[in-house]
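This is run.cif (mmCIF, C-alpha atoms (C1' of nucleotides)).
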```
data_query
#
loop_
_atom_site.label_atom_id
_atom_site.label_comp_id
_atom_site.auth_asym_id
_atom_site.auth_seq_id
_atom_site.Cartn_x
_atom_site.Cartn_y
_atom_site.Cartn_z
CA MET A 246 -41.75 60.55 -146.97
CA THR A 247 -44.98 58.83 -147.76
CA ALA A 248 -46.36 55.53 -146.63
CA GLU A 249 -45.86 54.22 -150.13
CA THR A 250 -42.20 55.05 -150.47
CA ALA A 251 -41.26 54.26 -146.88
CA ALA A 252 -39.95 50.77 -146.37
CA ALA A 253 -42.02 48.81 -143.91
CA GLY A 254 -40.78 49.70 -140.48
CA ASP A 255 -38.61 52.61 -141.51
CA GLY A 256 -37.46 54.48 -138.44
CA ASP A 257 -35.97 53.66 -135.07
CA ARG A 258 -36.59 50.23 -133.69
CA LEU A 259 -38.45 50.00 -130.41
CA PRO A 260 -35.86 49.29 -127.70
CA ASN A 261 -36.27 45.83 -126.22
CA THR A 262 -36.30 47.44 -122.78
CA VAL A 263 -39.92 48.50 -123.27
CA PHE A 264 -40.96 44.89 -122.73
CA ALA A 265 -39.79 45.10 -119.12
CA LEU A 266 -42.67 47.52 -118.52
CA ASP A 267 -45.87 46.38 -116.86
CA ALA A 268 -48.68 45.53 -119.27
CA VAL A 269 -50.75 48.68 -118.67
CA THR A 270 -47.79 51.01 -119.22
CA LEU A 271 -46.66 49.12 -122.31
CA ALA A 272 -50.17 49.04 -123.78
CA ARG A 273 -50.20 52.84 -123.66
CA ARG A 274 -46.60 53.11 -124.86
CA LEU A 275 -47.28 51.04 -127.97
CA ILE A 276 -50.00 53.32 -129.33
CA GLY A 277 -48.56 55.07 -132.38
CA SER A 278 -45.64 52.71 -132.93
CA THR A 279 -45.39 50.63 -136.08
CA LEU A 280 -45.70 46.86 -136.41
CA THR A 281 -44.98 44.85 -139.52
CA VAL A 282 -44.83 41.11 -140.19
CA ASP A 283 -42.87 40.22 -143.27
CA GLY A 284 -43.21 43.84 -144.39
CA VAL A 285 -46.99 43.91 -143.97
CA GLY A 286 -48.56 46.04 -141.25
CA GLY A 287 -49.02 49.59 -140.01
CA ARG A 288 -49.46 51.88 -137.04
CA ILE A 289 -50.74 50.40 -133.78
CA VAL A 290 -53.91 52.32 -132.86
CA GLU A 291 -55.52 50.07 -130.23
CA THR A 292 -54.20 47.81 -127.44
CA GLU A 293 -55.35 46.12 -124.25
CA ALA A 294 -53.36 45.14 -121.15
CA TYR A 295 -53.66 41.73 -119.47
CA ARG A 296 -51.95 40.89 -116.18
CA ARG A 297 -51.30 37.74 -114.23
CA ASP A 298 -53.51 38.91 -111.32
CA ASP A 299 -56.33 39.68 -113.77
CA ALA A 300 -59.37 37.40 -113.95
CA ALA A 301 -59.79 38.21 -117.65
CA SER A 302 -56.26 37.13 -118.51
CA HIS A 303 -55.42 33.73 -119.98
CA SER A 304 -52.55 33.59 -117.50
CA PHE A 305 -54.81 34.07 -114.47
CA ARG A 306 -55.13 30.35 -113.73
CA GLY A 307 -51.50 29.57 -114.33
CA GLU A 308 -49.47 28.13 -117.16
CA THR A 309 -51.04 25.73 -119.65
CA LEU A 310 -49.95 24.40 -123.02
CA ARG A 311 -51.95 27.11 -124.75
CA ASN A 312 -50.66 30.12 -122.81
CA ARG A 313 -47.10 28.85 -122.42
CA ALA A 314 -45.63 31.81 -124.31
CA MET A 315 -47.11 34.23 -121.75
CA PHE A 316 -44.77 32.78 -119.17
CA GLY A 317 -41.79 32.73 -121.50
CA PRO A 318 -39.29 35.53 -122.22
CA VAL A 319 -40.58 39.09 -122.54
CA GLY A 320 -40.49 40.66 -125.98
CA HIS A 321 -41.88 37.52 -127.57
CA ALA A 322 -45.25 36.92 -129.22
CA TYR A 323 -48.19 35.08 -127.69
CA VAL A 324 -50.56 34.00 -130.47
CA TYR A 325 -53.71 32.08 -129.58
CA ARG A 326 -56.83 30.89 -131.35
CA SER A 327 -59.98 32.76 -130.45
CA TYR A 328 -63.49 31.31 -130.75
CA GLY A 329 -62.05 28.45 -132.73
CA ILE A 330 -61.74 30.65 -135.79
CA HIS A 331 -59.48 33.65 -135.34
CA TRP A 332 -55.91 34.22 -134.23
CA CYS A 333 -54.94 37.02 -131.83
CA LEU A 334 -51.53 38.60 -131.23
CA ASN A 335 -50.08 39.62 -127.86
CA PHE A 336 -46.71 41.02 -126.81
CA VAL A 337 -45.33 39.31 -123.69
CA CYS A 338 -43.98 41.80 -121.15
CA ASP A 339 -43.18 42.59 -117.50
CA GLY A 340 -40.34 40.31 -116.42
CA ALA A 341 -41.18 41.12 -112.78
CA GLU A 342 -44.58 39.47 -113.14
CA PRO A 343 -44.59 36.57 -115.64
CA GLY A 344 -47.94 36.12 -117.32
CA SER A 345 -48.38 39.73 -118.45
CA ALA A 346 -49.08 40.68 -122.06
CA VAL A 347 -50.53 43.35 -124.32
CA LEU A 348 -53.18 42.39 -126.88
CA ILE A 349 -52.76 44.22 -130.20
CA ARG A 350 -56.35 45.05 -131.17
CA ALA A 351 -56.10 47.29 -134.22
CA LEU A 352 -53.72 48.76 -136.78
CA GLU A 353 -53.92 51.59 -139.24
CA PRO A 354 -52.94 49.71 -142.42
CA LEU A 355 -49.90 51.31 -144.07
CA PHE A 356 -47.72 48.64 -145.66
CA GLY A 357 -48.55 45.73 -147.94
CA LEU A 358 -52.18 46.69 -148.37
CA ASP A 359 -52.57 44.39 -151.36
CA ARG A 360 -51.42 41.39 -149.33
CA MET A 361 -53.85 42.30 -146.53
CA VAL A 362 -56.76 42.58 -148.94
CA GLU A 363 -55.75 39.25 -150.48
CA ARG A 364 -55.68 37.51 -147.09
CA ARG A 365 -58.83 39.16 -145.72
CA GLY A 366 -60.90 38.90 -148.86
CA LEU A 367 -62.32 42.33 -148.05
CA ALA A 368 -60.97 45.64 -149.26
CA ASP A 369 -62.73 48.00 -146.82
CA PRO A 370 -59.75 49.89 -145.32
CA ARG A 371 -61.75 50.63 -142.19
CA ARG A 372 -62.12 46.93 -141.40
CA LEU A 373 -58.82 45.62 -142.71
CA CYS A 374 -57.09 45.52 -139.30
CA ALA A 375 -59.81 46.86 -136.95
CA GLY A 376 -60.00 44.04 -134.43
CA PRO A 377 -57.59 41.41 -133.12
CA GLY A 378 -58.87 38.63 -135.38
CA ARG A 379 -58.92 40.81 -138.46
CA LEU A 380 -55.45 42.13 -137.73
CA ALA A 381 -54.00 38.64 -137.33
CA GLN A 382 -55.59 37.50 -140.57
CA ALA A 383 -54.35 40.56 -142.48
CA LEU A 384 -50.80 40.04 -141.21
CA GLY A 385 -50.86 36.30 -141.87
CA LEU A 386 -50.35 35.33 -138.23
CA ASP A 387 -51.06 31.87 -136.88
CA ARG A 388 -49.77 29.30 -134.42
CA SER A 389 -46.39 29.23 -136.12
CA HIS A 390 -45.73 32.74 -134.73
CA ASP A 391 -46.53 31.80 -131.13
CA GLY A 392 -43.48 32.32 -128.93
CA LEU A 393 -41.35 34.03 -131.58
CA ASP A 394 -38.98 36.90 -130.70
CA LEU A 395 -40.54 40.23 -131.71
CA SER A 396 -37.11 41.77 -132.36
CA GLN A 397 -36.39 39.24 -135.10
CA PRO A 398 -37.88 38.74 -138.57
CA PRO A 399 -40.57 38.41 -139.68
CA PHE A 400 -41.50 40.90 -136.96
CA ARG A 401 -40.38 44.51 -136.97
CA LEU A 402 -41.37 47.13 -134.38
CA THR A 403 -40.48 50.79 -134.79
CA GLU A 404 -41.17 54.10 -133.10
CA GLY A 405 -43.89 56.28 -134.51
CA ASP A 406 -43.60 59.81 -135.82
CA GLU A 407 -42.98 62.46 -133.19
CA VAL A 408 -46.40 64.02 -133.32
CA PRO A 409 -48.21 64.53 -130.01
CA VAL A 410 -51.60 62.89 -130.09
CA PRO A 411 -53.98 62.26 -127.19
CA ILE A 412 -54.42 58.68 -126.09
CA LEU A 413 -57.88 57.33 -125.33
CA VAL A 414 -58.42 55.12 -122.29
CA GLY A 415 -61.36 52.84 -121.61
CA ALA A 416 -62.76 49.51 -120.51
CA ARG A 417 -61.66 46.40 -122.32
CA ILE A 418 -63.86 44.73 -124.92
CA GLY A 419 -65.40 41.29 -125.17
CA ILE A 420 -64.67 40.11 -121.63
CA SER A 421 -66.97 39.37 -118.71
CA LYS A 422 -64.48 39.26 -115.84
CA ALA A 423 -62.62 42.31 -114.56
CA ALA A 424 -64.36 44.24 -117.33
CA GLU A 425 -64.26 47.46 -115.34
CA GLN A 426 -60.49 47.87 -115.60
CA PRO A 427 -59.63 50.86 -117.85
CA TRP A 428 -56.93 48.94 -119.67
CA ARG A 429 -57.89 49.54 -123.29
CA PHE A 430 -55.92 52.24 -125.10
CA GLY A 431 -56.50 53.92 -128.44
CA LEU A 432 -55.19 56.61 -130.73
CA ALA A 433 -57.49 59.64 -130.61
CA GLY A 434 -59.15 60.40 -133.92
CA SER A 435 -58.17 57.13 -135.56
CA ARG A 436 -60.67 55.72 -138.02
CA HIS A 437 -59.23 52.24 -137.61
CA LEU A 438 -60.35 51.33 -134.08
CA SER A 439 -62.19 48.04 -133.58
CA ARG A 440 -64.91 50.00 -131.78
CA PRO A 441 -65.26 53.65 -130.81
CA PHE A 442 -64.44 54.75 -127.29
CA ALA A 443 -67.40 55.86 -125.19
CA LYS A 444 -67.79 59.52 -124.27
CA GLY A 445 -66.77 58.86 -120.69
CA GLU A 446 -63.71 57.07 -121.97
CA ILE A 447 -62.41 59.92 -124.06
CA ALA A 448 -60.80 61.32 -120.94
CA SER A 449 -57.10 61.40 -121.65
CA SER A 450 -54.88 63.05 -119.10
CA GLY A 451 -52.58 64.54 -121.68
CA THR A 452 -50.71 63.67 -124.83
CA GLU A 453 -48.20 61.06 -125.85
CA THR A 454 -45.52 61.27 -128.46
CA VAL A 455 -46.45 58.87 -131.19
"C1'" DG B 48 -77.51 52.24 -137.83
"C1'" DA B 49 -78.45 48.07 -134.07
"C1'" DA B 50 -79.46 43.37 -132.75
"C1'" DT B 51 -79.07 38.40 -133.72
"C1'" DT B 52 -76.83 34.23 -135.02
"C1'" DG B 53 -73.73 30.67 -136.83
"C1'" DA B 54 -69.06 29.11 -137.42
"C1'" DT B 55 -65.56 26.75 -134.67
"C1'" DG B 56 -60.71 25.10 -131.24
"C1'" DC B 57 -59.66 24.19 -126.96
"C1'" DG B 58 -58.97 24.69 -121.89
"C1'" DC B 59 -61.64 24.23 -118.23
"C1'" DT B 60 -65.30 22.07 -114.67
"C1'" DG C 92 -70.58 20.08 -121.80
"C1'" DC C 93 -69.66 25.22 -121.28
"C1'" DG C 94 -67.55 29.51 -122.17
"C1'" DC C 95 -64.94 32.32 -124.46
"C1'" DA C 96 -59.60 38.53 -125.24
"C1'" DT C 97 -64.27 37.26 -132.59
"C1'" DC C 98 -66.19 38.16 -137.04
"C1'" DA C 99 -69.39 38.45 -140.95
"C1'" DA C 100 -73.83 37.69 -142.81
"C1'" DT C 101 -78.40 38.56 -142.03
"C1'" DT C 102 -82.25 40.75 -140.34
"C1'" DC C 103 -84.42 44.23 -139.06
"C1'" DA C 104 -84.95 49.88 -138.81
#
```
For the file at hand, write its structure as structure tokens.
Amino acid sequence: MTAETAAAGDGDRLPNTVFALDAVTLARRLIGSTLTVDGVGGRIVETEAYRRDDAASHSFRGETLRNRAMFGPVGHAYVYRSYGIHWCLNFVCDGAEPGSAVLIRALEPLFGLDRMVERRGLADPRRLCAGPGRLAQALGLDRSHDGLDLSQPPFRLTEGDEVPVPILVGARIGISKAAEQPWRFGLAGSRHLSRPFAKGEIASSGTETV
DNA sequence: GAATTGATGCGCT
DNA sequence: GCGCATCAATTCA
């Protein structure tokens, strides 16, 4: 079945139990799975983990009006405005430690390409969803999605194909605090990453089923 | 290709 | 005021 004929999110839904995982484990687990919003989306190829005890995390200094969703139920979305211009999407997780989330940094566009191009105003497939702000714009995400349940429409999360592919691990991007933590994950060989992984970061200790 | 800069919301000191 | 979990246009090369 091709990407064109497949309905958005065809395949097994991600079990809600994955959101009980800690952020680092979930960030790795999500690589290769499929995310769509109102039928528009694709394969998750890049994520970052953020924890409560993490100086780079919005939840580090406790709950505020902005980060309220991070302290809400797991399996819900945390959508925030970045640099006053962009929106960024996180998955809230880890019920044992409220304030944990996984930032979705990049997708391989597969479904609703025309709608993405329309929203982004740029057709370059390499830059359609390569970056958290670009991804949110392509999927039409904004404040109205903050706090919504990821298991309900317009969201749909499904397992990826069962093809073993190495997972890249590296330092997170665009942060100044706790920047040394290797909590950025990527799909090896993907041409849709927001930025390439450094040579030293290409060390993956095995393969994941994606 | 790499470096620089402007746009801009909002939580924090 | 300052500092961002960013991006695109512009300026170089």
Please produce, as a tab-separated table, a per-residue contact table for chain B versus chain A (criterion: any atom at most 9 Å away, only C-alpha atoms (C1' of nucleotides) considered), showing the nearest atom pair and its distance in Å to one decimal, sorted by chain then residue number.
```
residue	atom	partner	partner_atom	distance
B:DA54	C1'	A:Ile330	CA	7.7
B:DT55	C1'	A:Gly329	CA	4.4
B:DG56	C1'	A:Gly329	CA	3.9
B:DC57	C1'	A:Gly329	CA	7.6
B:DG58	C1'	A:Arg311	CA	8.0
```
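Between CA of Leu358 in chain A and CA of Gly256 in chain A the interatomic distance comes to 19.4 Å.
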Is it possible to get the axis-aligned box enclosing range 50-58 of chain B (all listed atoms, 6 Å extra per side) as lines of an AutoDock Vina configuration file, with centre and edge lengths in Å rounded to one decimal?
```
center_x = -69.2
center_y = 33.8
center_z = -129.7
size_x = 32.5
size_y = 31.2
size_z = 27.5
```
Please build the interface table for chain A against chain C with a cut-off of 10 Å, listing for each qualifying residue the nearest atom pair and the distance in Å to one decimal; count all atoms listed in the file, order rows by chain and increasing number, and write it as CSV.
```
residue,atom,partner,partner_atom,distance
A:Glu293,CA,C:DA96,C1',8.8
A:Ala294,CA,C:DA96,C1',10.0
A:Tyr295,CA,C:DA96,C1',8.9
A:Ala301,CA,C:DA96,C1',7.6
A:Ser302,CA,C:DA96,C1',7.6
A:His303,CA,C:DA96,C1',8.3
A:Tyr325,CA,C:DA96,C1',9.8
A:Arg326,CA,C:DT97,C1',9.9
A:Ser327,CA,C:DT97,C1',6.6
A:Tyr328,CA,C:DT97,C1',6.3
A:Gly329,CA,C:DT97,C1',9.1
A:Ile330,CA,C:DT97,C1',7.8
A:His331,CA,C:DT97,C1',6.6
A:Trp332,CA,C:DT97,C1',9.0
A:Cys333,CA,C:DA96,C1',8.2
A:Asn335,CA,C:DA96,C1',9.9
A:Leu348,CA,C:DA96,C1',7.7
A:Arg350,CA,C:DA96,C1',9.4
A:Gly376,CA,C:DT97,C1',8.2
A:Pro377,CA,C:DT97,C1',7.9
A:Gly378,CA,C:DT97,C1',6.2
A:Arg379,CA,C:DC98,C1',7.9
A:Arg417,CA,C:DA96,C1',8.6
A:Ile418,CA,C:DA96,C1',7.5
A:Gly419,CA,C:DA96,C1',6.4
A:Ile420,CA,C:DA96,C1',6.4
A:Ser421,CA,C:DC95,C1',9.3
```
Can those selected residues be exported to a file as a compact mmCIF listing (two decimals), in the frame of the given file so that it contains C-alpha atoms?
```
# COMPACT_ATOMS: atom_id res chain seq x y z
CA GLU A 293 -55.35 46.12 -124.25
CA ALA A 294 -53.36 45.14 -121.15
CA TYR A 295 -53.66 41.73 -119.47
CA ALA A 301 -59.79 38.21 -117.65
CA SER A 302 -56.26 37.13 -118.51
CA HIS A 303 -55.42 33.73 -119.98
CA TYR A 325 -53.71 32.08 -129.58
CA ARG A 326 -56.83 30.89 -131.35
CA SER A 327 -59.98 32.76 -130.45
CA TYR A 328 -63.49 31.31 -130.75
CA GLY A 329 -62.05 28.45 -132.73
CA ILE A 330 -61.74 30.65 -135.79
CA HIS A 331 -59.48 33.65 -135.34
CA TRP A 332 -55.91 34.22 -134.23
CA CYS A 333 -54.94 37.02 -131.83
CA ASN A 335 -50.08 39.62 -127.86
CA LEU A 348 -53.18 42.39 -126.88
CA ARG A 350 -56.35 45.05 -131.17
CA GLY A 376 -60.00 44.04 -134.43
CA PRO A 377 -57.59 41.41 -133.12
CA GLY A 378 -58.87 38.63 -135.38
CA ARG A 379 -58.92 40.81 -138.46
CA ARG A 417 -61.66 46.40 -122.32
CA ILE A 418 -63.86 44.73 -124.92
CA GLY A 419 -65.40 41.29 -125.17
CA ILE A 420 -64.67 40.11 -121.63
CA SER A 421 -66.97 39.37 -118.71
```
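In this comparison, which uses all atoms listed in the file, the residue of A:Glu291, A:Asp267, A:Asp298, A:Asp359 approaching Ile412 in chain A most closely is A:Glu291.
Interatomic distance, CA of Gly344 in chain A to CA of Ala424 in chain A: 18.3 Å.
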Do you know which residues the PyMOL selection byres ((chain A and resi 314) around 12) returns on this file, as a ChimeraX atom specification? /A:303-304,307-313,315-325,334-338,343-346,388,390-394
Expected selection from the PyMOL selection byres ((chain A and resi 271-278) around 8), given as JSON, numbers by chain: {"A": [263, 264, 266, 267, 268, 269, 270, 279, 280, 288, 289, 290, 291, 292, 293, 294, 338, 347, 348, 402, 403, 404, 405, 406, 412, 428, 429, 430, 431, 432, 454, 455]}
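For the pair CA of Ala381 in chain A and CA of His437 in chain A, the separation is 14.6 Å.
Counting all atoms listed in the file and comparing A:Arg306, A:Gly287, A:Arg371, A:Met361, the residue that lies closest to Arg440 in chain A is A:Arg371.
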